[in-house]
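The data block below is model-v7.txt; it holds compact mmCIF, C-alpha atoms.
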```txt
# COMPACT_ATOMS: atom_id res chain seq x y z
CA MET A 1 -111.65 75.57 50.54
CA ILE A 2 -112.21 72.49 48.39
CA ARG A 3 -114.48 72.97 45.40
CA THR A 4 -116.59 69.94 44.55
CA ILE A 5 -116.96 68.86 40.95
CA ALA A 6 -119.79 66.45 40.23
CA THR A 7 -118.41 63.28 38.68
CA PHE A 8 -120.20 60.19 37.54
CA ALA A 9 -119.39 56.51 37.32
CA ILE A 10 -118.62 55.90 33.69
CA ALA A 11 -117.88 52.39 32.48
CA ALA A 12 -115.12 51.55 30.02
CA LEU A 13 -113.48 54.96 29.84
CA ALA A 14 -109.90 53.79 30.09
CA ALA A 15 -109.46 53.80 26.33
CA THR A 16 -112.62 54.94 24.62
CA SER A 17 -111.72 55.23 20.96
CA ALA A 18 -112.11 58.25 18.73
CA ALA A 19 -115.70 57.16 18.08
CA ALA A 20 -118.35 59.20 19.87
CA ALA A 21 -118.45 58.81 23.63
CA GLY A 22 -121.79 59.74 25.19
CA PHE A 23 -122.53 60.46 28.84
CA THR A 24 -125.65 61.35 30.79
CA GLY A 25 -126.39 62.36 34.35
CA THR A 26 -128.45 64.56 36.62
CA PHE A 27 -127.28 67.46 38.75
CA ALA A 28 -128.74 67.71 42.24
CA LYS A 29 -127.99 71.45 42.48
CA ASP A 30 -128.04 74.11 39.79
CA ASN A 31 -124.34 74.91 40.29
CA GLY A 32 -123.31 71.35 39.39
CA LYS A 33 -120.47 70.60 36.98
CA ALA A 34 -119.60 67.57 34.89
CA GLY A 35 -116.05 67.51 33.54
CA PHE A 36 -114.32 65.15 31.13
CA TYR A 37 -110.73 64.66 29.94
CA PHE A 38 -110.00 63.81 26.34
CA VAL A 39 -106.90 63.40 24.21
CA VAL A 40 -106.28 64.31 20.59
CA THR A 41 -103.41 62.18 19.25
CA ALA A 42 -103.10 63.98 15.89
CA PRO A 43 -104.75 67.11 14.51
CA THR A 44 -108.37 66.25 13.83
CA THR A 45 -111.91 67.54 14.00
CA VAL A 46 -113.48 67.13 17.44
CA THR A 47 -117.16 67.76 18.15
CA ILE A 48 -118.59 68.22 21.64
CA THR A 49 -122.36 68.48 21.89
CA SER A 50 -124.84 68.82 24.71
CA THR A 51 -128.31 67.45 24.05
CA GLY A 52 -129.98 67.48 27.48
CA PHE A 53 -132.12 70.59 26.91
CA ALA A 54 -134.17 68.90 24.19
CA ALA A 55 -135.06 66.17 26.72
CA GLY A 56 -136.25 68.65 29.36
CA GLY A 57 -132.89 69.36 30.99
CA PHE A 58 -131.42 72.71 31.94
CA ASP A 59 -129.83 75.31 29.63
CA PRO A 60 -126.20 74.10 29.33
CA VAL A 61 -122.89 75.82 28.75
CA LEU A 62 -119.74 74.02 27.53
CA SER A 63 -116.35 75.39 28.70
CA LEU A 64 -113.21 74.00 27.04
CA TYR A 65 -109.70 74.03 28.57
CA ASP A 66 -106.26 73.17 27.25
CA ASN A 67 -103.70 70.99 29.07
CA THR A 68 -102.50 73.98 31.13
CA GLY A 69 -106.00 74.64 32.48
CA PHE A 70 -106.69 77.82 30.49
CA GLN A 71 -110.09 78.27 28.89
CA ILE A 72 -109.78 78.22 25.11
CA ASP A 73 -113.46 78.24 24.14
CA PHE A 74 -117.02 78.06 25.44
CA ASN A 75 -120.48 77.83 23.91
CA ASP A 76 -124.04 78.49 25.00
CA ASP A 77 -127.27 78.15 23.02
CA GLN A 78 -126.23 76.62 19.71
CA ALA A 79 -129.29 76.92 17.49
CA ASP A 80 -128.72 73.98 15.14
CA GLY A 81 -131.93 72.13 16.05
CA VAL A 82 -130.02 69.11 17.38
CA SER A 83 -127.90 70.25 20.31
CA ASP A 84 -128.17 73.09 22.74
CA SER A 85 -124.42 73.72 23.08
CA LEU A 86 -121.81 72.82 20.51
CA LEU A 87 -118.02 73.10 20.25
CA THR A 88 -116.49 71.80 17.05
CA GLY A 89 -113.39 72.45 15.04
CA GLU A 90 -109.87 71.36 14.24
CA PHE A 91 -108.08 70.45 17.47
CA ALA A 92 -104.30 70.26 17.74
CA LYS A 93 -102.60 67.24 19.30
CA GLY A 94 -102.93 67.49 23.08
CA LYS A 95 -104.96 66.96 26.24
CA TYR A 96 -108.18 68.85 26.86
CA THR A 97 -110.87 69.17 29.52
CA VAL A 98 -114.48 70.14 28.91
CA PHE A 99 -117.01 71.12 31.57
CA LEU A 100 -120.78 71.13 31.24
CA THR A 101 -122.63 73.54 33.55
CA GLN A 102 -126.00 75.29 33.73
CA TYR A 103 -126.24 78.66 31.99
CA ASP A 104 -124.61 81.51 33.86
CA ASN A 105 -122.30 79.20 35.85
CA VAL A 106 -119.72 79.76 33.13
CA GLY A 107 -116.25 78.29 33.56
CA PRO A 108 -113.46 80.63 34.66
CA ALA A 109 -110.54 81.79 32.50
CA SER A 110 -108.35 79.26 34.35
CA LEU A 111 -109.26 76.05 36.16
CA GLY A 112 -107.46 77.34 39.26
CA LEU A 113 -110.28 79.86 39.69
CA PRO A 114 -113.88 79.21 40.81
CA PHE A 115 -116.81 78.92 38.45
CA ASN A 116 -119.30 81.82 38.66
CA TYR A 117 -121.56 80.15 41.25
CA ASP A 118 -119.46 77.52 43.03
CA ASP A 119 -120.57 78.74 46.46
CA GLN A 120 -124.23 79.31 45.55
CA PRO A 121 -126.04 75.96 45.11
CA ASP A 122 -129.37 77.62 44.24
CA PHE A 123 -128.25 80.62 42.19
CA ARG A 124 -131.17 80.40 39.71
CA GLY A 125 -133.77 79.01 42.09
CA GLY A 126 -133.43 75.57 40.54
CA PHE A 127 -133.17 74.61 36.91
CA ILE A 128 -134.87 77.56 35.23
CA ASP A 129 -134.43 78.52 31.56
CA SER A 130 -134.30 82.04 30.09
CA THR A 131 -138.11 82.14 29.78
CA GLY A 132 -138.58 81.31 33.47
CA SER A 133 -139.74 77.74 32.78
CA GLN A 134 -138.81 75.00 35.25
CA ARG A 135 -136.44 72.35 33.82
CA THR A 136 -134.77 69.22 35.24
CA GLY A 137 -131.15 68.71 36.30
CA GLY A 138 -130.70 66.14 33.50
CA TRP A 139 -127.82 66.48 31.09
CA ALA A 140 -126.24 64.67 28.15
CA ILE A 141 -122.90 65.24 26.42
CA ASP A 142 -121.24 63.58 23.44
CA ILE A 143 -117.56 63.86 22.51
CA SER A 144 -116.49 62.59 19.08
CA GLY A 145 -113.16 62.61 17.28
CA ALA A 146 -110.99 62.17 20.41
CA ALA A 147 -110.02 59.47 22.88
CA VAL A 148 -111.98 60.13 26.09
CA SER A 149 -109.87 59.14 29.06
CA GLY A 150 -112.22 59.77 31.96
CA ALA A 151 -114.30 61.98 34.15
CA VAL A 152 -112.58 64.76 36.05
CA PRO A 153 -112.08 63.53 39.64
CA GLU A 154 -113.54 65.39 42.57
CA PRO A 155 -110.97 67.62 44.31
CA SER A 156 -111.98 66.06 47.64
CA SER A 157 -110.88 62.65 46.31
CA TRP A 158 -107.49 64.09 45.36
CA ALA A 159 -107.19 65.77 48.77
CA MET A 160 -107.89 62.48 50.58
CA LEU A 161 -105.28 60.73 48.41
CA VAL A 162 -102.64 63.37 49.21
CA VAL A 163 -103.42 63.22 52.94
CA GLY A 164 -103.20 59.42 52.82
CA PHE A 165 -99.78 59.53 51.15
CA GLY A 166 -98.66 62.08 53.72
CA LEU A 167 -99.72 59.85 56.61
CA VAL A 168 -98.02 56.82 55.09
CA GLY A 169 -94.84 58.87 54.57
CA ALA A 170 -94.96 60.21 58.13
CA ALA A 171 -95.44 56.71 59.54
CA ALA A 172 -92.52 55.37 57.47
CA ARG A 173 -90.29 58.28 58.56
CA ARG A 174 -91.23 57.71 62.20
CA ARG A 175 -90.58 53.97 61.90
CA SER A 176 -87.13 54.56 60.33
CA SER A 177 -86.13 57.12 63.01
CA VAL A 178 -87.21 54.70 65.79
CA ALA A 179 -85.20 51.89 64.16
CA ALA A 180 -82.12 54.16 63.89
CA ALA A 181 -82.31 55.06 67.60
```

Here is a file; write its structure as structure tokens.
Amino acid sequence: MIRTIATFAIAALAATSAAAAGFTGTFAKDNGKAGFYFVVTAPTTVTITSTGFAAGGFDPVLSLYDNTGFQIDFNDDQADGVSDSLLTGEFAKGKYTVFLTQYDNVGPASLGLPFNYDDQPDFRGGFIDSTGSQRTGGWAIDISGAAVSGAVPEPSSWAMLVVGFGLVGAAARRRSSVAAA
């Protein structure tokens, strides 16, 4: 089964500097996910904030993964008056991935595993907060202190790429065996 990760067209991500990189979007379903890669080139403070709730969006959760795909941190409901989820601290040199999801669709311990509600596109009956109030699918995330290298690609895109390479390889192998005969 291929799990779909919502990704968004983001301009000029190839080498976004360590200055803050901000992204916005809207989930169509309440089990949506937005994931982003970033790189820390030397130990530094990195801050990842979600600010969509203040603008009427859903209750977000941030799940942070190291370069091996293991969850190293997550946050829900930061009460600082500015953001609704916040991850900040001293990050070691390395590659990281952060996912933004709606509350209760928390990221797994390892990216090889499903999120809580991958197979349930209406697990909360829409975008509902803890008080039962209807919200929108809108989200916003800012990453500062690291070089953001891009959005996490959809697994279906990777699968199509692998199948395409396989077909090209099979055609080349067939062509070389016909030429040898």

**Prompt:** Using all atoms listed in the file, which residue out of A:Phe58, A:Val148, A:Phe70, A:Leu100 lies closest to Leu113 (chain A)?
**Reply:**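 For Leu113 (chain A), the nearest of the candidates is A:Phe70.
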
**Asked** Which residue out of A:Tyr117, A:Phe27, A:Tyr96, A:Phe74 has the minimum interatomic distance to Gly52 (chain A) when all atoms listed in the file are used?
**Response**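 Once distances to Gly52 (chain A) are computed over all atoms listed in the file, the minimum belongs to A:Phe27.
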
**Message:** So that I can see what lies close to Ala42 (chain A), please list as a list in words the residues with an atom at most 10 Å from it, counting only C-alpha atoms and leaving out residues fewer than 6 positions away in the same chain.
**Reply:** Phe91, Ala92, Lys93, Gly94 and Ala146 of chain A

**Asked** So how many Å separate CA of Gly56 (chain A) and CA of Ile72 (chain A), to one decimal?
**Response**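 One can read the CA of Gly56 (chain A) to CA of Ile72 (chain A) distance as 28.5 Å.
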
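Among the candidates A:Ser133, A:Ser50, A:Asn67, A:Thr97, the residue lying nearest to Tyr37 (chain A) is A:Thr97 (atoms considered: all atoms listed in the file).
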
**Request:** One decimal, Å: what's the distance from CA of Phe115 (chain A) over to CA of Thr45 (chain A), could you say?
**Result:** 27.4 Å

Around (-116.9, 80.7, 21.7), as given in the file, which residues come within 10 Å? Count all atoms listed in the file and list them as an mmCIF file with C-alpha atoms, keeping the file's coordinate frame.
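Output (result36.cif):
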```cif
data_model
loop_
_atom_site.group_PDB
_atom_site.id
_atom_site.type_symbol
_atom_site.label_atom_id
_atom_site.label_comp_id
_atom_site.auth_asym_id
_atom_site.auth_seq_id
_atom_site.Cartn_x
_atom_site.Cartn_y
_atom_site.Cartn_z
ATOM 1 C CA LEU A 62 -119.740 74.020 27.530
ATOM 2 C CA SER A 63 -116.350 75.390 28.700
ATOM 3 C CA LEU A 64 -113.210 74.000 27.040
ATOM 4 C CA ILE A 72 -109.780 78.220 25.110
ATOM 5 C CA ASP A 73 -113.460 78.240 24.140
ATOM 6 C CA PHE A 74 -117.020 78.060 25.440
ATOM 7 C CA ASN A 75 -120.480 77.830 23.910
ATOM 8 C CA ASP A 76 -124.040 78.490 25.000
ATOM 9 C CA LEU A 86 -121.810 72.820 20.510
ATOM 10 C CA LEU A 87 -118.020 73.100 20.250
#
```

**Prompt:** Restricting the calculation to all atoms listed in the file, which member of A:Ile128, A:Val46, A:Val106, A:Ala55 is positioned closest to Glu90 (chain A)?
**Reply:**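 Checking each candidate against Glu90 (chain A), we get A:Val46 as the closest.
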
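Atom to atom, CA of Ile141 (chain A) and CA of Val61 (chain A) stand 10.8 Å apart.
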
**Fill in**
Using only C-alpha atoms, the residue out of A:Asp119, A:Gln102, A:Phe23, A:Arg124 with shortest distance to Phe53 (chain A) is A:Gln102

Enclose all atoms of region 106-110 of chain A listed in the file in an axis-aligned box, grow every side by 3 Å, and hand back centre and edge lengths in Å to one decimal, as AutoDock Vina command-line options.
```
--center_x -114.0 --center_y 80.0 --center_z 33.6 --size_x 17.4 --size_y 9.5 --size_z 8.2
```

Dig up all the protein and nucleic acid residues within 6 Å of (-117.3, 68.8, 20.8) in the file frame, using all atoms listed in the file, and format them as an mmCIF file with C-alpha atoms, in the frame of the given file.
```
data_model
loop_
_atom_site.group_PDB
_atom_site.id
_atom_site.type_symbol
_atom_site.label_atom_id
_atom_site.label_comp_id
_atom_site.auth_asym_id
_atom_site.auth_seq_id
_atom_site.Cartn_x
_atom_site.Cartn_y
_atom_site.Cartn_z
ATOM 1 C CA VAL A 46 -113.480 67.130 17.440
ATOM 2 C CA THR A 47 -117.160 67.760 18.150
ATOM 3 C CA ILE A 48 -118.590 68.220 21.640
ATOM 4 C CA THR A 49 -122.360 68.480 21.890
ATOM 5 C CA LEU A 87 -118.020 73.100 20.250
ATOM 6 C CA THR A 88 -116.490 71.800 17.050
ATOM 7 C CA ILE A 143 -117.560 63.860 22.510
#
```

**Request:** Excluding Asp122 (chain A) and any residue of its chain fewer than 6 positions from it, enumerate the residues within 7 Å of it, using only C-alpha atoms, and give them as a list in words.
**Result:**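 My reading of the contact set: Lys29, Asp30 and Asn31 of chain A.
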
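The neighbours of Thr24 (chain A) here are the residues that come within 9 Å of it, using only C-alpha atoms and leaving out any residue fewer than 2 positions away in the same chain; they are Phe8, Gly22, Thr26, Gly52, Gly138, Trp139, Ala140, Ile141 and Asp142 of chain A.
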
**Asked** Which of these residues is nearest to Gln71 (chain A), using all atoms listed in the file: A:Ala54, A:Ala147, A:Val98, A:Ala109?
**Response** A:Ala109
